[in-house]
Amino acid sequence: MKQVLLICFFLFSALAGQAQNLCEVNDQRPVQLLAEELTRSFKVLKKQKPPIYYLSYTYTETDSQQLEVAEGGVVQEQQRQTNTLQVMARAGSPKMDNTRTLKLDADNFYVPFYMMMPAWSEGDGAFKTALWRATQTAAERAQEDFSRVQIDSITSSKRADDSADFVFPPKSLYCREEAPVSFDRERIKKMLVKASARVQGKPFVLYSTFVFSVKQGSRYFVDSVGSRLKTPFVYVRLGYQLYGRTADGLDLTRGEFYDVLKESELPSEDAFLAAVEKSIQEMQVLSQAPEAEPMTAPAILKNRAMAVFVHEVLGHRVEGHRQKDDSFGKTFTDKVGQPVVSPILTIVDDPTLAYFDGTPLRGFYEYDDEGVKSRPVTIVQDGVLKNFLMSSSPIHGFGSSNGHGRSQEGRRSVARMGNTRVMASQTVPYEKLEEMLLAEIKRQGKPYGFIIEDLSGGFTQTSTYGPQAFKLEPTLVYRIYPDGRKEAVRGADMVGTPLVSFNKVLAAADDDAVFNGSCGAESGWVPVSAIAPSVLLEALEIEKTGKSSFKPPVLLPPSADEKGGK
Amino acid sequence: MKKIFLLAVAALCWLPLQAANLPDNIYFRAMKDEMDRSLSKLRVEGSPKPYYLAYQLGFDHYYCTDASLGELTDGKDAVADTLSATAVVAAGTPQNDSMGFRNDRFSYAPQKRYAIPNSYWGIRHALWSLTDDGYIEAADSYEKKQTYKRQKNITDKQPDFTRAKQTSFVEPVSPFPVVPAAQMQQLAKILSAKGKAVDYLEDFSVRICLSQQDIYYLNSDGGHYQFTRPDSFVLVQADLRNREGYKETISRRITLPADHSLDPADLQAETDQVLQAAQQLFEAQKPEPYLGPVLLTPRGAADFLNELLVKNVRNVRPLFSAQAENDDSAGSFRTKTGMRVMSNVADVYDKPLLRHYKGKPLAGFMPVDDEGVAPEELTVVSAGRLQQLPRSRRPAADKQPSNGHARMSFATLPREALSNVVVQPKNPLSKEQMEQKLLQRCRELELEYCYILQEFPHGDTKTVNLAERIYTRDGRREPVFGIKIAEPSTRSLRDILAAGQEDTVTTFSDSEYRSYSLIAPSLLVDEIEILPDDKKPDRKPFVSKP
């Protein structure tokens, strides 16, 4: 019941977070043009041999701004408007089509046709011609790819999961518009220039970058099932990253990113500069910190680190397409209905959330990139695996999409995460969690435990060719001694296997926080969010980080050497 | 002792003088300060120290508008300004240094970084990083080069890097113009809309770009330059499926004047020419095998001369490499000075100080070379014989001194290259005379027809997609496409029978991305073998064009 209430609350938050500027989709001129050409082409293409049995157009109008600053100067400042078209043509039949990943060919991942488009606004002749040309090319490629799939299906070994390649998405009609957001770029530029100057004179900061980017626009989707969609999108990011390297070749990094939807959500200049100063101090501490030793010990994964941990270690393994591709390890494929994580955890992926606790979520979307309405999916309930994240590629036991087919523009959609939320059935204040950690360290007789403050990413091995293990790269780790003393350490990697690691969660705090980022996988980079509380792990294995073979530069950075400005 | 004292005083006097002569801006201040710091402090124990540094900063400004069939496809709200940096680091001594050696099979590039902060400390920071990386690589190359020389028993005593008088060229950088965005967008739409009425065109696109680069260069011997290189252009491109079902593309790059001005009437005329060429390409047929005289239009002649002559007159000093015995990037004419390489129909010059030609900026303008030397005008070919080669401060086997033709890019450290190649006919013929001479020669050979080529395959272009067949009997012309040249050979340079009065400027970029201009007249070549290319026609579209 509590979960249901939480989900209802999230839905309310999602609706409250966005103005409902609904419109009539069939009145949208791009939709009309796309639908006209789709109808005209599809009635011919579906009669070809092999037939094009499904066709969709995704037309995206994007306004983007990019500002990069370093060392008190502007590196790049760009503004651009682009119109792009992606054509998905499926040749063959839903049972077997051109998008199937080949077993015997290294060049085996289908890529839809993608091109720049002329504007439709002042006359539609150029738009129509470009659309026609793109359709022709996409259909030709689909037929060619289908012949490769046919050969592969004859010559390669039997697939473990022989589910169809495609399930038709339901017909959807939806239209929403949003007024463009604007920002005071000059103010932001001055703030970034000021912040970047704070780094100067610090010998332990070798490089730094300060960025502000805005990407916003509308996406139009039309397909042969009859779906007609217009959805707005906006991604705004402000942040910085500092880099250093120790004499023994260990790379160090600290940074902070703020994802917002409007100017009022940006941090104030004072807050931003304070964050930069904090990162500088952390870099200094890390540059002088002792190196971590390999060890297994109790640990706290702080909220945002836990969010990244769940995303990397569990999230990618419950993406539906990985359950039927024989090149993946399928850690959870046969575990539906079985406990897979600690019973205190419930994990939901809910792309319908625009905000969490006042923080905008990058993983929000209304319809996925295959035109399927997004919805919350309970992946794990009280530790038991319930669902996979599904695109329109069905798998055994999961015959339809649950609105998680996602891709970067120009790439084929596969099942991806949106907003991944970890919830704990019992929580304690964070201070209590640290007390529990100290007690656990003493109980196990360990010399110290760990607090993983921040996690930048890492890799998780999902291929059958390697062990089903992960190696994540914390960027800020503290040893915590039984007397409560904390000491930063550098060069610590977290390693383990998913089935073991998640069962080690002993307790959670009530300090849920959001990690906003971009996730890269076979369908490209997609914006994602993960929300989690801090958790106490009974045991976490720490390894030494790999080091660079290169030394730091021979001379100090010029501003550090000369300790002054000009 | 007195002599040493005087030398020391002279050295002390020379340094401030050098600094005082540099332009007073953040670019030169940052280059000078970081160069001084690196030369005085940059050392790794056990490795040779850096003895020569050169920095180049390129500040690119551009604004482009794209349109297709009358509508915009890509637009920017603001000019993109990007500063990039390049560093050359030589370690060892001038007698025996780290340069001239390739660490792997292909790479001989300076340290470079695209997009650096446009501030004093930002530039210094970038140069610091590049110099450090360059020094580590130079120290590594130095050791490997010494090992290679010992293994190959190379005992040549000539210095790796010679002294040469350093020079400077400084002019105020031109402010990038206020972009007439609305005019550009309107013009792009108007020009690209010309393709709308042409049924067989699958796309007709126009890109208008205003672009320039402000360049700042300083080396540790005192050579420096600062100037602006304009590079604005219009690119018109037609994509079509011709009558025989082949997908073909024809494009033309139109260089804009140095002041970036747009002349709508001129651009309309150029666009109409592309459409005429597209019409010819639509109607064109594939060639039969042919062996005989060929008339090359100025553009075709530029391709021909570039492929067979200019490509062979560069990189005069081959690089050492443990990975490959032969340096494929070294020009094959480097040992042919004094030999006959071309017929005596035209002379060839290289004019690095030529800045404009017929109102258009030249890509090879070079007031100071990339080793700080004043470039000389070269007579490359005279009376059919190869006369002068481009030279740098790294002498080749014949020990010739630099003539100011060391050129670098992001892909190559300074090496010998031409800049603005000018082909000057001795007895230029009019267009009509050239065609008459072609027909006359074809009749002598009892050929039914001969060819006029508007292109000659070059670089990665394998085929000519527009040419004309001209009949000897009545002068009738037919468009031809899909031409492959059978084994292009430098022998053809000696087969040139005549050169025309008409000429054109073509901008090329060599395999190391150094840009240069070639001013070429039309040429009549006595014998070229032509074959149809191997391309196959495409299927008809599933659905007709809307």
# chains A, B, ... in the order shown; residues from 1 in each chain; ligands from 1
$ select_by_dssp --residues "range 475-509 of chain A" --states "helix (DSSP H, G or I)" --output "number ranges by chain"
A: 498-504
$ write_last_selection --atoms "N, CA and C atoms" --output "short mmCIF file (atom, residue, chain, number, x, y, z; two decimals), in the first residue's frame"
data_model
loop_
_atom_site.label_atom_id
_atom_site.label_comp_id
_atom_site.auth_asym_id
_atom_site.auth_seq_id
_atom_site.Cartn_x
_atom_site.Cartn_y
_atom_site.Cartn_z
N PRO A 498 26.75 -8.68 -9.19
CA PRO A 498 25.46 -8.09 -8.83
C PRO A 498 24.64 -8.93 -7.86
N LEU A 499 24.61 -10.24 -8.05
CA LEU A 499 23.75 -11.07 -7.21
C LEU A 499 24.20 -11.04 -5.75
N VAL A 500 25.49 -10.93 -5.54
CA VAL A 500 26.00 -10.90 -4.16
C VAL A 500 25.85 -9.50 -3.58
N SER A 501 26.25 -8.50 -4.31
CA SER A 501 26.34 -7.15 -3.77
C SER A 501 25.03 -6.63 -3.23
N PHE A 502 23.94 -6.83 -3.98
CA PHE A 502 22.66 -6.26 -3.55
C PHE A 502 22.06 -6.96 -2.34
N ASN A 503 22.52 -8.16 -2.08
CA ASN A 503 22.03 -8.86 -0.89
C ASN A 503 22.74 -8.42 0.37
N LYS A 504 23.76 -7.59 0.22
CA LYS A 504 24.55 -7.14 1.37
C LYS A 504 24.00 -5.85 1.97
#
$ residues_around --residues "Gly363 in chain A" --least-positions-apart "4" --cutoff "6 Å" --atoms "only C-alpha atoms" --output "VMD selection string"
chain A and resid 351 418 to 419 527 to 529
$ write_last_selection --atoms "C-alpha atoms" --output "compact mmCIF listing (two decimals), in the first residue's frame"
# COMPACT_ATOMS: atom_id res chain seq x y z
CA PRO A 351 10.05 8.09 -16.61
CA GLY A 418 14.57 6.59 -17.40
CA ASN A 419 14.26 7.61 -13.75
CA PRO A 527 19.53 11.39 -20.35
CA VAL A 528 18.79 9.45 -17.18
CA SER A 529 18.20 9.97 -13.49
$ atom_distance --atom1 "CA of Asp334 in chain A" --atom2 "CA of Val313 in chain A"
17.2 Å
$ closest_atom_pairs --of "chain B" --to "chain A" --cutoff "9 Å" --atoms "only C-alpha atoms" --output "tab-separated table"
residue	atom	partner	partner_atom	distance
B:Glu34	CA	A:Pro558	CA	7.5
B:Arg37	CA	A:Pro558	CA	8.6
B:Ser38	CA	A:Leu555	CA	8.1
B:Lys41	CA	A:Leu555	CA	7.6
B:Leu42	CA	A:Leu555	CA	6.6
B:Arg43	CA	A:Val554	CA	7.4
B:Val44	CA	A:Val554	CA	7.4
B:Asp66	CA	A:Pro118	CA	8.8
B:Ala67	CA	A:Pro118	CA	6.7
B:Ser68	CA	A:Pro118	CA	6.0
B:Leu69	CA	A:Ala126	CA	5.0
B:Gly70	CA	A:Ala126	CA	6.5
B:Glu71	CA	A:Pro118	CA	5.3
B:Leu72	CA	A:Pro118	CA	5.2
B:Thr73	CA	A:Pro118	CA	4.1
B:Asp74	CA	A:Thr82	CA	5.1
B:Gly75	CA	A:Gln81	CA	5.2
B:Lys76	CA	A:Arg80	CA	4.3
B:Asp77	CA	A:Gln79	CA	5.5
B:Ala78	CA	A:Gln79	CA	6.1
B:Val79	CA	A:Gln78	CA	7.5
B:Ala80	CA	A:Gln78	CA	5.8
B:Asp81	CA	A:Gln76	CA	6.8
B:Thr82	CA	A:Gln76	CA	6.2
B:Leu83	CA	A:Val75	CA	7.3
B:Ala115	CA	A:Val75	CA	5.6
B:Ile116	CA	A:Val75	CA	5.1
B:Pro117	CA	A:Val75	CA	4.1
B:Asn118	CA	A:Gly73	CA	4.8
B:Ser119	CA	A:Gly73	CA	4.6
B:Tyr120	CA	A:Lys566	CA	7.2
B:Trp121	CA	A:Glu71	CA	6.0
B:Gly122	CA	A:Glu71	CA	4.8
B:Ile123	CA	A:Glu71	CA	8.6
B:Arg124	CA	A:Pro558	CA	6.6
B:His125	CA	A:Pro558	CA	6.2
B:Trp128	CA	A:Pro557	CA	6.8
B:Ser129	CA	A:Pro553	CA	7.2
B:Asp132	CA	A:Pro553	CA	6.0
B:Asp133	CA	A:Pro553	CA	7.7
B:Ala193	CA	A:Ala126	CA	8.6
B:Lys196	CA	A:Ala126	CA	7.7
B:Glu202	CA	A:Arg133	CA	7.0
B:Asp203	CA	A:Ala130	CA	7.4
B:Pro541	CA	A:Gln136	CA	6.4
B:Phe542	CA	A:Gln136	CA	6.7
B:Val543	CA	A:Ser41	CA	6.2
B:Ser544	CA	A:Trp132	CA	8.3
B:Lys545	CA	A:Trp132	CA	6.6
B:Pro546	CA	A:Thr129	CA	6.3
$ closest_residue --among "B:Asn403, B:Ser509, B:Asn344, B:Asn103" --to "Asn306 in chain B" --atoms "only C-alpha atoms"
B:Ser509
$ residues_around --residues "range 319-331 of chain B" --least-positions-apart "4" --cutoff "8 Å" --atoms "only C-alpha atoms" --output "list in words"
Gly100, Phe101, Arg102, Asn103, Asp104, Arg105, Lys145, Tyr148, Lys311, Asn312, Val313, Arg314 and Asn315 of chain B
$ write_last_selection --atoms "N, CA and C atoms" --output "PDB file, in the first residue's frame"
ATOM      1  N   GLY B 100      62.427  15.069 -37.921  1.00  0.00           N
ATOM      2  CA  GLY B 100      62.740  14.309 -39.135  1.00  0.00           C
ATOM      3  C   GLY B 100      62.635  12.815 -38.936  1.00  0.00           C
ATOM      4  N   PHE B 101      62.010  12.421 -37.850  1.00  0.00           N
ATOM      5  CA  PHE B 101      61.884  10.997 -37.553  1.00  0.00           C
ATOM      6  C   PHE B 101      60.436  10.698 -37.195  1.00  0.00           C
ATOM      7  N   ARG B 102      59.913   9.670 -37.810  1.00  0.00           N
ATOM      8  CA  ARG B 102      58.531   9.287 -37.529  1.00  0.00           C
ATOM      9  C   ARG B 102      58.528   8.161 -36.505  1.00  0.00           C
ATOM     10  N   ASN B 103      57.835   8.419 -35.409  1.00  0.00           N
ATOM     11  CA  ASN B 103      57.782   7.412 -34.353  1.00  0.00           C
ATOM     12  C   ASN B 103      56.987   6.187 -34.748  1.00  0.00           C
ATOM     13  N   ASP B 104      55.994   6.398 -35.608  1.00  0.00           N
ATOM     14  CA  ASP B 104      55.269   5.241 -36.126  1.00  0.00           C
ATOM     15  C   ASP B 104      55.192   5.396 -37.635  1.00  0.00           C
ATOM     16  N   ARG B 105      54.382   4.579 -38.268  1.00  0.00           N
ATOM     17  CA  ARG B 105      54.397   4.544 -39.726  1.00  0.00           C
ATOM     18  C   ARG B 105      53.839   5.830 -40.354  1.00  0.00           C
ATOM     19  N   LYS B 145      65.620   7.936 -32.885  1.00  0.00           N
ATOM     20  CA  LYS B 145      66.305   8.382 -34.103  1.00  0.00           C
ATOM     21  C   LYS B 145      67.798   8.039 -34.028  1.00  0.00           C
ATOM     22  N   TYR B 148      68.166   4.410 -34.654  1.00  0.00           N
ATOM     23  CA  TYR B 148      67.936   4.114 -36.065  1.00  0.00           C
ATOM     24  C   TYR B 148      69.168   4.473 -36.897  1.00  0.00           C
ATOM     25  N   LYS B 311      51.867  17.317 -56.412  1.00  0.00           N
ATOM     26  CA  LYS B 311      51.992  16.243 -55.418  1.00  0.00           C
ATOM     27  C   LYS B 311      53.419  15.713 -55.325  1.00  0.00           C
ATOM     28  N   ASN B 312      54.149  15.839 -56.428  1.00  0.00           N
ATOM     29  CA  ASN B 312      55.505  15.279 -56.449  1.00  0.00           C
ATOM     30  C   ASN B 312      56.577  16.288 -56.064  1.00  0.00           C
ATOM     31  N   VAL B 313      56.149  17.528 -55.805  1.00  0.00           N
ATOM     32  CA  VAL B 313      57.118  18.568 -55.471  1.00  0.00           C
ATOM     33  C   VAL B 313      56.854  19.032 -54.034  1.00  0.00           C
ATOM     34  N   ARG B 314      56.965  18.171 -53.105  1.00  0.00           N
ATOM     35  CA  ARG B 314      56.773  18.528 -51.698  1.00  0.00           C
ATOM     36  C   ARG B 314      57.544  17.530 -50.829  1.00  0.00           C
ATOM     37  N   ASN B 315      57.711  17.902 -49.582  1.00  0.00           N
ATOM     38  CA  ASN B 315      58.385  17.015 -48.624  1.00  0.00           C
ATOM     39  C   ASN B 315      59.693  16.490 -49.212  1.00  0.00           C
TER      40      ASN B 315
END
